[in-house]
$ cat model.csv   # CSV, C-alpha atoms
chain,number,residue,atom,x,y,z
X,1,MET,CA,79.7,46.8,-25.9
X,2,SER,CA,76.3,46.4,-24.3
X,3,ARG,CA,73.5,47.9,-26.3
X,4,LYS,CA,71.0,50.1,-24.5
X,5,VAL,CA,67.5,48.6,-24.6
X,6,VAL,CA,64.6,51.0,-24.2
X,7,ALA,CA,60.9,49.9,-24.0
X,8,ILE,CA,58.9,52.7,-25.6
X,9,ILE,CA,55.2,52.6,-24.7
X,10,GLN,CA,52.9,54.4,-27.1
X,11,ALA,CA,49.9,55.9,-25.3
X,12,ARG,CA,47.1,58.3,-26.1
X,13,MET,CA,43.8,59.3,-24.5
X,14,ALA,CA,41.7,59.5,-27.8
X,15,SER,CA,41.0,55.8,-28.3
X,16,SER,CA,38.0,55.4,-30.6
X,17,ARG,CA,36.5,52.3,-28.8
X,18,LEU,CA,37.4,53.2,-25.2
X,19,PRO,CA,38.4,56.8,-24.6
X,20,SER,CA,41.0,57.4,-21.9
X,21,LYS,CA,41.6,53.7,-21.6
X,22,VAL,CA,45.3,54.0,-20.8
X,23,LEU,CA,44.5,55.8,-17.6
X,24,ALA,CA,41.5,53.7,-16.7
X,25,ASP,CA,41.6,52.2,-13.2
X,26,LEU,CA,42.7,48.6,-13.1
X,27,GLY,CA,43.0,47.2,-9.6
X,28,GLY,CA,43.7,50.6,-8.1
X,29,GLN,CA,46.3,51.9,-10.6
X,30,PRO,CA,46.1,53.2,-14.2
X,31,VAL,CA,46.4,50.7,-17.0
X,32,LEU,CA,49.5,52.6,-18.2
X,33,ALA,CA,51.1,52.1,-14.8
X,34,TRP,CA,50.7,48.3,-15.1
X,35,VAL,CA,52.4,48.4,-18.5
X,36,ALA,CA,55.3,50.5,-17.3
X,37,ARG,CA,55.9,48.6,-14.0
X,38,ARG,CA,55.7,45.2,-15.5
X,39,ALA,CA,58.0,46.2,-18.4
X,40,ALA,CA,60.5,47.7,-16.0
X,41,ARG,CA,60.9,44.3,-14.3
X,42,ALA,CA,62.4,42.8,-17.4
X,43,GLN,CA,66.1,42.6,-16.6
X,44,ARG,CA,67.3,43.2,-20.2
X,45,ILE,CA,65.3,46.4,-20.5
X,46,HIS,CA,67.4,49.4,-19.3
X,47,GLN,CA,64.8,52.1,-19.4
X,48,VAL,CA,61.0,52.5,-19.9
X,49,TRP,CA,59.9,55.5,-21.9
X,50,VAL,CA,56.4,56.8,-22.8
X,51,ALA,CA,55.6,58.3,-26.2
X,52,THR,CA,52.4,60.3,-26.3
X,53,SER,CA,51.1,63.2,-28.5
X,54,VAL,CA,51.2,66.9,-28.2
X,55,GLY,CA,47.4,67.1,-28.2
X,56,ALA,CA,45.8,68.8,-25.2
X,57,GLU,CA,43.9,65.6,-24.4
X,58,ASP,CA,47.2,63.9,-23.7
X,59,ASP,CA,48.4,66.4,-21.1
X,60,ALA,CA,46.9,63.9,-18.6
X,61,ILE,CA,49.4,61.2,-19.8
X,62,ALA,CA,52.3,63.6,-19.6
X,63,GLU,CA,51.2,64.6,-16.0
X,64,PHE,CA,50.9,60.9,-15.0
X,65,CYS,CA,54.4,60.3,-16.4
X,66,GLU,CA,55.9,63.2,-14.5
X,67,ALA,CA,54.3,62.1,-11.2
X,68,ALA,CA,55.4,58.5,-11.8
X,69,GLY,CA,59.0,59.5,-12.7
X,70,LEU,CA,58.6,58.1,-16.2
X,71,PRO,CA,60.4,59.8,-19.1
X,72,CYS,CA,57.9,61.0,-21.7
X,73,SER,CA,58.2,62.3,-25.3
X,74,ARG,CA,55.4,64.1,-27.0
X,75,GLY,CA,54.9,64.2,-30.8
X,76,SER,CA,52.4,63.6,-33.6
X,77,LEU,CA,49.0,62.1,-32.7
X,78,HIS,CA,48.8,59.9,-35.8
X,79,ASP,CA,52.4,59.6,-36.9
X,80,VAL,CA,53.4,57.2,-34.1
X,81,LEU,CA,56.5,56.1,-36.1
X,82,ASP,CA,57.7,59.6,-35.8
X,83,ARG,CA,57.0,59.5,-32.1
X,84,TYR,CA,59.1,56.4,-31.7
X,85,HIS,CA,61.9,57.9,-33.7
X,86,GLN,CA,61.9,61.0,-31.4
X,87,ALA,CA,61.7,58.8,-28.2
X,88,ALA,CA,64.6,56.6,-29.5
X,89,GLN,CA,66.7,59.7,-30.1
X,90,GLU,CA,65.9,61.3,-26.8
X,91,SER,CA,66.5,58.1,-24.8
X,92,GLY,CA,69.7,57.1,-26.7
X,93,ALA,CA,68.2,53.7,-27.4
X,94,ASP,CA,70.2,51.1,-29.4
X,95,VAL,CA,67.4,48.6,-29.3
X,96,ILE,CA,63.8,49.5,-29.2
X,97,VAL,CA,61.0,47.4,-27.6
X,98,ARG,CA,57.6,48.6,-28.9
X,99,LEU,CA,54.8,48.2,-26.3
X,100,THR,CA,51.3,49.7,-26.2
X,101,GLY,CA,49.7,51.5,-23.3
X,102,ASP,CA,46.6,49.2,-23.4
X,103,CYS,CA,48.4,45.9,-22.6
X,104,PRO,CA,48.7,45.8,-18.8
X,105,LEU,CA,49.6,42.1,-18.6
X,106,VAL,CA,52.8,42.4,-20.7
X,107,ASP,CA,55.1,39.8,-19.2
X,108,PRO,CA,58.6,40.6,-17.9
X,109,GLN,CA,59.9,37.1,-18.4
X,110,MET,CA,58.6,36.8,-21.9
X,111,LEU,CA,60.2,40.2,-22.7
X,112,ASP,CA,63.5,38.9,-21.3
X,113,GLU,CA,63.3,35.6,-23.2
X,114,ASN,CA,62.5,37.4,-26.5
X,115,LEU,CA,65.2,40.0,-26.0
X,116,GLY,CA,67.7,37.2,-25.3
X,117,VAL,CA,66.9,35.7,-28.7
X,118,PHE,CA,67.1,39.1,-30.4
X,119,LEU,CA,70.3,40.3,-28.9
X,120,ALA,CA,72.2,37.0,-29.3
X,121,ALA,CA,71.1,36.3,-32.9
X,122,GLN,CA,73.9,35.6,-35.5
X,123,PRO,CA,73.7,37.1,-38.0
X,124,PRO,CA,72.2,40.0,-36.2
X,125,LEU,CA,68.5,40.7,-36.5
X,126,ASP,CA,66.9,44.0,-37.6
X,127,PHE,CA,63.4,43.2,-36.3
X,128,ALA,CA,61.6,40.5,-34.3
X,129,ALA,CA,58.1,40.1,-33.0
X,130,ASN,CA,56.2,37.6,-30.9
X,131,ARG,CA,53.3,37.9,-33.3
X,132,LEU,CA,52.9,38.9,-37.0
X,133,PRO,CA,49.7,39.7,-38.9
X,134,GLY,CA,47.7,36.5,-39.2
X,135,GLU,CA,50.3,34.6,-37.2
X,136,ARG,CA,49.6,34.7,-33.5
X,137,THR,CA,50.5,32.1,-30.9
X,138,ILE,CA,50.4,34.3,-27.8
X,139,PRO,CA,47.4,36.0,-26.2
X,140,ILE,CA,46.5,39.4,-27.5
X,141,GLY,CA,48.0,41.7,-24.9
X,142,LEU,CA,51.4,40.1,-24.6
X,143,ASP,CA,52.6,41.6,-27.9
X,144,ALA,CA,56.0,43.1,-28.2
X,145,GLU,CA,58.2,44.1,-31.2
X,146,TYR,CA,61.9,44.6,-31.2
X,147,CYS,CA,64.1,46.5,-33.6
X,148,THR,CA,67.5,48.1,-33.8
X,149,ARG,CA,67.8,51.9,-33.9
X,150,ALA,CA,69.3,51.7,-37.4
X,151,ALA,CA,66.3,49.7,-38.7
X,152,LEU,CA,63.9,52.1,-37.0
X,153,GLU,CA,65.7,55.0,-38.7
X,154,THR,CA,65.2,53.3,-42.1
X,155,ALA,CA,61.5,52.8,-41.5
X,156,TRP,CA,61.1,56.4,-40.3
X,157,ARG,CA,62.7,57.8,-43.4
X,158,GLU,CA,61.0,55.5,-46.0
X,159,ALA,CA,57.6,54.5,-44.7
X,160,GLN,CA,54.9,56.3,-46.6
X,161,GLU,CA,51.6,54.6,-46.0
X,162,PRO,CA,49.3,55.9,-43.2
X,163,HIS,CA,49.1,52.5,-41.6
X,164,GLN,CA,52.9,52.2,-41.6
X,165,ARG,CA,53.2,55.5,-39.8
X,166,GLU,CA,50.4,54.9,-37.3
X,167,HIS,CA,51.2,51.3,-36.4
X,168,VAL,CA,55.0,51.9,-36.3
X,169,MET,CA,56.4,48.5,-37.4
X,170,PRO,CA,54.5,47.3,-40.6
X,171,PHE,CA,57.2,48.6,-42.8
X,172,PHE,CA,59.4,45.8,-41.6
X,173,TYR,CA,57.1,42.8,-42.2
X,174,GLU,CA,55.8,44.3,-45.4
X,175,ASN,CA,59.4,44.5,-46.8
X,176,PRO,CA,60.9,41.2,-45.5
X,177,GLU,CA,63.5,41.0,-48.3
X,178,ARG,CA,65.2,44.1,-46.9
X,179,PHE,CA,65.5,43.1,-43.3
X,180,SER,CA,66.6,40.3,-41.1
X,181,ILE,CA,63.4,39.3,-39.4
X,182,LEU,CA,62.4,36.7,-36.8
X,183,HIS,CA,58.9,35.7,-35.7
X,184,ILE,CA,59.2,34.3,-32.2
X,185,GLN,CA,56.4,31.7,-31.9
X,186,HIS,CA,55.0,29.9,-28.9
X,187,ASN,CA,54.1,26.2,-28.7
X,188,PRO,CA,51.3,25.4,-27.7
X,189,ASP,CA,49.3,28.1,-29.4
X,190,TYR,CA,47.4,30.5,-27.1
X,191,GLY,CA,46.5,33.1,-29.7
X,192,HIS,CA,42.8,32.8,-29.1
X,193,TYR,CA,43.0,34.6,-25.7
X,194,ARG,CA,42.4,38.3,-25.6
X,195,TRP,CA,44.1,40.1,-22.6
X,196,THR,CA,44.2,43.7,-23.8
X,197,VAL,CA,42.2,46.8,-23.0
X,198,ASP,CA,40.5,48.3,-26.1
X,199,THR,CA,36.8,48.0,-25.3
X,200,PRO,CA,34.6,48.1,-22.2
X,201,GLU,CA,34.3,44.3,-22.3
X,202,ASP,CA,38.1,44.0,-22.3
X,203,LEU,CA,38.4,46.3,-19.3
X,204,GLU,CA,35.6,44.3,-17.5
X,205,LEU,CA,37.5,41.1,-18.1
X,206,LEU,CA,40.9,42.3,-16.9
X,207,ARG,CA,39.4,43.8,-13.8
X,208,LYS,CA,38.1,40.4,-12.9
X,209,VAL,CA,41.5,38.9,-13.7
X,210,VAL,CA,43.6,41.2,-11.6
X,211,ALA,CA,41.2,40.8,-8.7
X,212,HIS,CA,42.4,37.2,-8.4
X,213,PHE,CA,46.0,38.3,-7.5
X,214,PRO,CA,47.3,40.1,-4.5
X,215,ASP,CA,49.5,42.5,-6.6
X,216,ASP,CA,50.8,43.1,-10.1
X,217,THR,CA,53.8,40.7,-10.0
X,218,PHE,CA,52.0,37.6,-11.4
X,219,ALA,CA,53.2,35.9,-14.6
X,220,TRP,CA,51.3,35.3,-17.7
X,221,GLY,CA,51.3,31.6,-16.9
X,222,ASP,CA,49.3,32.4,-13.8
X,223,VAL,CA,46.7,34.1,-15.9
X,224,LEU,CA,46.7,31.2,-18.3
X,225,ARG,CA,45.9,28.8,-15.4
X,226,LEU,CA,43.1,31.1,-14.3
X,227,PHE,CA,41.5,30.9,-17.7
X,228,GLU,CA,41.9,27.2,-17.8
X,229,GLU,CA,40.2,26.9,-14.4
X,230,GLN,CA,37.5,29.4,-15.3
X,231,PRO,CA,36.9,29.2,-19.0
X,232,GLU,CA,33.8,31.4,-18.7
X,233,LEU,CA,36.1,34.4,-18.3
X,234,ALA,CA,37.1,34.3,-22.0
X,235,GLN,CA,33.4,34.8,-22.9
X,236,ILE,CA,33.3,38.3,-21.5
X,237,ASN,CA,35.2,39.8,-24.5
X,238,ALA,CA,34.8,36.9,-27.0
X,239,GLY,CA,32.8,39.0,-29.4
X,240,VAL,CA,35.4,41.8,-29.7
X,241,GLN,CA,36.9,42.2,-33.2
X,242,HIS,CA,40.6,42.7,-33.1
X,243,LYS,CA,41.9,45.5,-35.3
X,244,SER,CA,44.3,44.8,-38.1
X,245,GLN,CA,47.6,46.6,-39.0
X,246,TYR,CA,45.7,48.3,-41.9
X,247,ASP,CA,43.1,50.0,-39.6
X,248,VAL,CA,43.9,53.7,-39.2
X,249,ASP,CA,42.2,56.4,-37.2
X,250,SER,CA,39.3,57.8,-39.3
X,251,ARG,CA,39.7,61.1,-37.4
X,252,ARG,CA,43.0,62.0,-39.2

$ encode --input "model.csv" --output "structure tokens"
Amino acid sequence: MSRKVVAIIQARMASSRLPSKVLADLGGQPVLAWVARRAARAQRIHQVWVATSVGAEDDAIAEFCEAAGLPCSRGSLHDVLDRYHQAAQESGADVIVRLTGDCPLVDPQMLDENLGVFLAAQPPLDFAANRLPGERTIPIGLDAEYCTRAALETAWREAQEPHQREHVMPFFYENPERFSILHIQHNPDYGHYRWTVDTPEDLELLRKVVAHFPDDTFAWGDVLRLFEEQPELAQINAGVQHKSQYDVDSRR
């Protein structure tokens, strides 16, 4: 029987480094629209779902989703794992793809390739990711994590640490003896590139990037060629410090 694959995009307005980033304009459409539209092009993803909070500041995200025809769940601001659990239940997902609302260049082909590996694995996998803490071979901004509904249920029941609840998936890679886990790596290593939107510098860079393309259907390989042709682009956000899986919102 085919398993229902749902990409769940976590999104909130209250970013500490770039407030309202997920609805910031990028080439004429909100950053979140880029994430949802590009994820929906992955043939192995059956549905795209947004998971935001019940906070009043996130009403704007819920309104965007309603206007765009995107299903949306609302839950805890800081317990994002609980948000994912709720969205997985509401969507009837068998396999969850975790995406974040600040990664507008997420690549449909990469998602399909990773899902192909995840879904075909024997013995079956509980969790897979195309990056793990301290082990990155793809640009920041193409990250995706994959898990089964049963594995997510286990993490939801048992994860206790604040960073495990806020960052959703650390319970898996912090308990590798309990789960069947795969790190999907890329060769050559492009982990030094930063293509996400978490600071004003990031947004400035991606606005320059998308201005080079006629629409949002370009592939990550096209972006890579652009950076190789114009290496000065990478300097725009070169000084940005990437957050770790242990960083949690100090406003809890």

$ residues_around --input "model.csv" --residues "region 104-109 of chain X" --least-positions-apart "3" --cutoff "7 Å" --atoms "all atoms listed in the file" --output "list in words"
Val31, Leu32, Trp34, Val35, Arg38, Ala39, Arg41, Ala42, Asp112, Glu113, Gly141, Leu142, Ala219 and Trp220 of chain X

$ residues_around --input "model.csv" --residues "Arg98 (chain X)" --least-positions-apart "2" --cutoff "10 Å" --atoms "all atoms listed in the file" --output "list in words"
Val6, Ala7, Ile8, Ile9, Gln10, Tyr84, Val95, Ile96, Thr100, Ala129, Asp143, Ala144, Glu145, Tyr146, Cys147, Val168 and Met169 of chain X

$ atom_distance --input "model.csv" --atom1 "CA of Arg131 (chain X)" --atom2 "CA of Glu232 (chain X)"
25.2 Å

$ residues_around --input "model.csv" --residues "Leu77 (chain X)" --least-positions-apart "2" --cutoff "8 Å" --atoms "all atoms listed in the file" --output "list in words"
Arg12, Thr52, Ser53, Val54, Gly55, Gly75, Asp79 and Val80 of chain X

$ closest_residue --input "model.csv" --among "X:Ile236, X:Ala60, X:Ala211, X:Leu182" --to "Val22 (chain X)" --atoms "all atoms listed in the file"
X:Ala60

$ closest_residue --input "model.csv" --among "X:Asp59, X:Glu90, X:Glu204, X:Glu177" --to "Pro71 (chain X)" --atoms "all atoms listed in the file"
X:Glu90

$ residues_around --input "model.csv" --residues "Lys21 (chain X)" --least-positions-apart "6" --cutoff "8 Å" --atoms "all atoms listed in the file" --output "MDAnalysis selection string"
chainID X and resid 13 15 31 102 197:198

$ write_last_selection --input "model.csv" --atoms "C-alpha atoms" --output "PDB file, in the coordinates of the input"
ATOM      1  CA  MET X  13      43.800  59.300 -24.500  1.00  0.00           C
ATOM      2  CA  SER X  15      41.000  55.800 -28.300  1.00  0.00           C
ATOM      3  CA  VAL X  31      46.400  50.700 -17.000  1.00  0.00           C
ATOM      4  CA  ASP X 102      46.600  49.200 -23.400  1.00  0.00           C
ATOM      5  CA  VAL X 197      42.200  46.800 -23.000  1.00  0.00           C
ATOM      6  CA  ASP X 198      40.500  48.300 -26.100  1.00  0.00           C
TER       7      ASP X 198
END

$ closest_residue --input "model.csv" --among "X:Leu70, X:Ala56, X:Val97, X:Ile140" --to "Gly191 (chain X)" --atoms "all atoms listed in the file"
X:Ile140

$ closest_residue --input "model.csv" --among "X:Met110, X:Ala68, X:Glu158, X:Val5" --to "Gln29 (chain X)" --atoms "all atoms listed in the file"
X:Ala68

$ closest_residue --input "model.csv" --among "X:Ile184, X:Cys65, X:Leu99, X:Ala238" --to "Gly116 (chain X)" --atoms "only C-alpha atoms"
X:Ile184

$ residues_near_point --input "model.csv" --point "(38.9, 37.3, -13.9)" --cutoff "9 Å" --atoms "all atoms listed in the file" --output "list in words"
Glu204, Leu205, Leu206, Arg207, Lys208, Val209, Val210, Ala211, His212, Val223, Leu226, Phe227, Gln230, Leu233 and Ala234 of chain X

$ atom_distance --input "model.csv" --atom1 "CA of Asp126 (chain X)" --atom2 "CA of Arg37 (chain X)"
26.4 Å

$ atom_distance --input "model.csv" --atom1 "CA of Ser20 (chain X)" --atom2 "CA of Arg83 (chain X)"
19.1 Å

$ residues_around --input "model.csv" --residues "Ala121 (chain X)" --least-positions-apart "6" --cutoff "12 Å" --atoms "all atoms listed in the file" --output "ChimeraX atom specification"
/X:114-115,127-128,180-182

$ closest_residue --input "model.csv" --among "X:Arg194, X:Arg149, X:Arg3, X:Arg225" --to "Asn237 (chain X)" --atoms "all atoms listed in the file"
X:Arg194

$ residues_near_point --input "model.csv" --point "(58.8, 55.6, -42.8)" --cutoff "10 Å" --atoms "all atoms listed in the file" --output "list of chain:residue names"
X:Asp79, X:Leu81, X:Asp82, X:His85, X:Leu152, X:Glu153, X:Thr154, X:Ala155, X:Trp156, X:Arg157, X:Glu158, X:Ala159, X:Gln160, X:Glu161, X:Pro162, X:Gln164, X:Arg165, X:Val168, X:Met169, X:Pro170, X:Phe171, X:Phe172
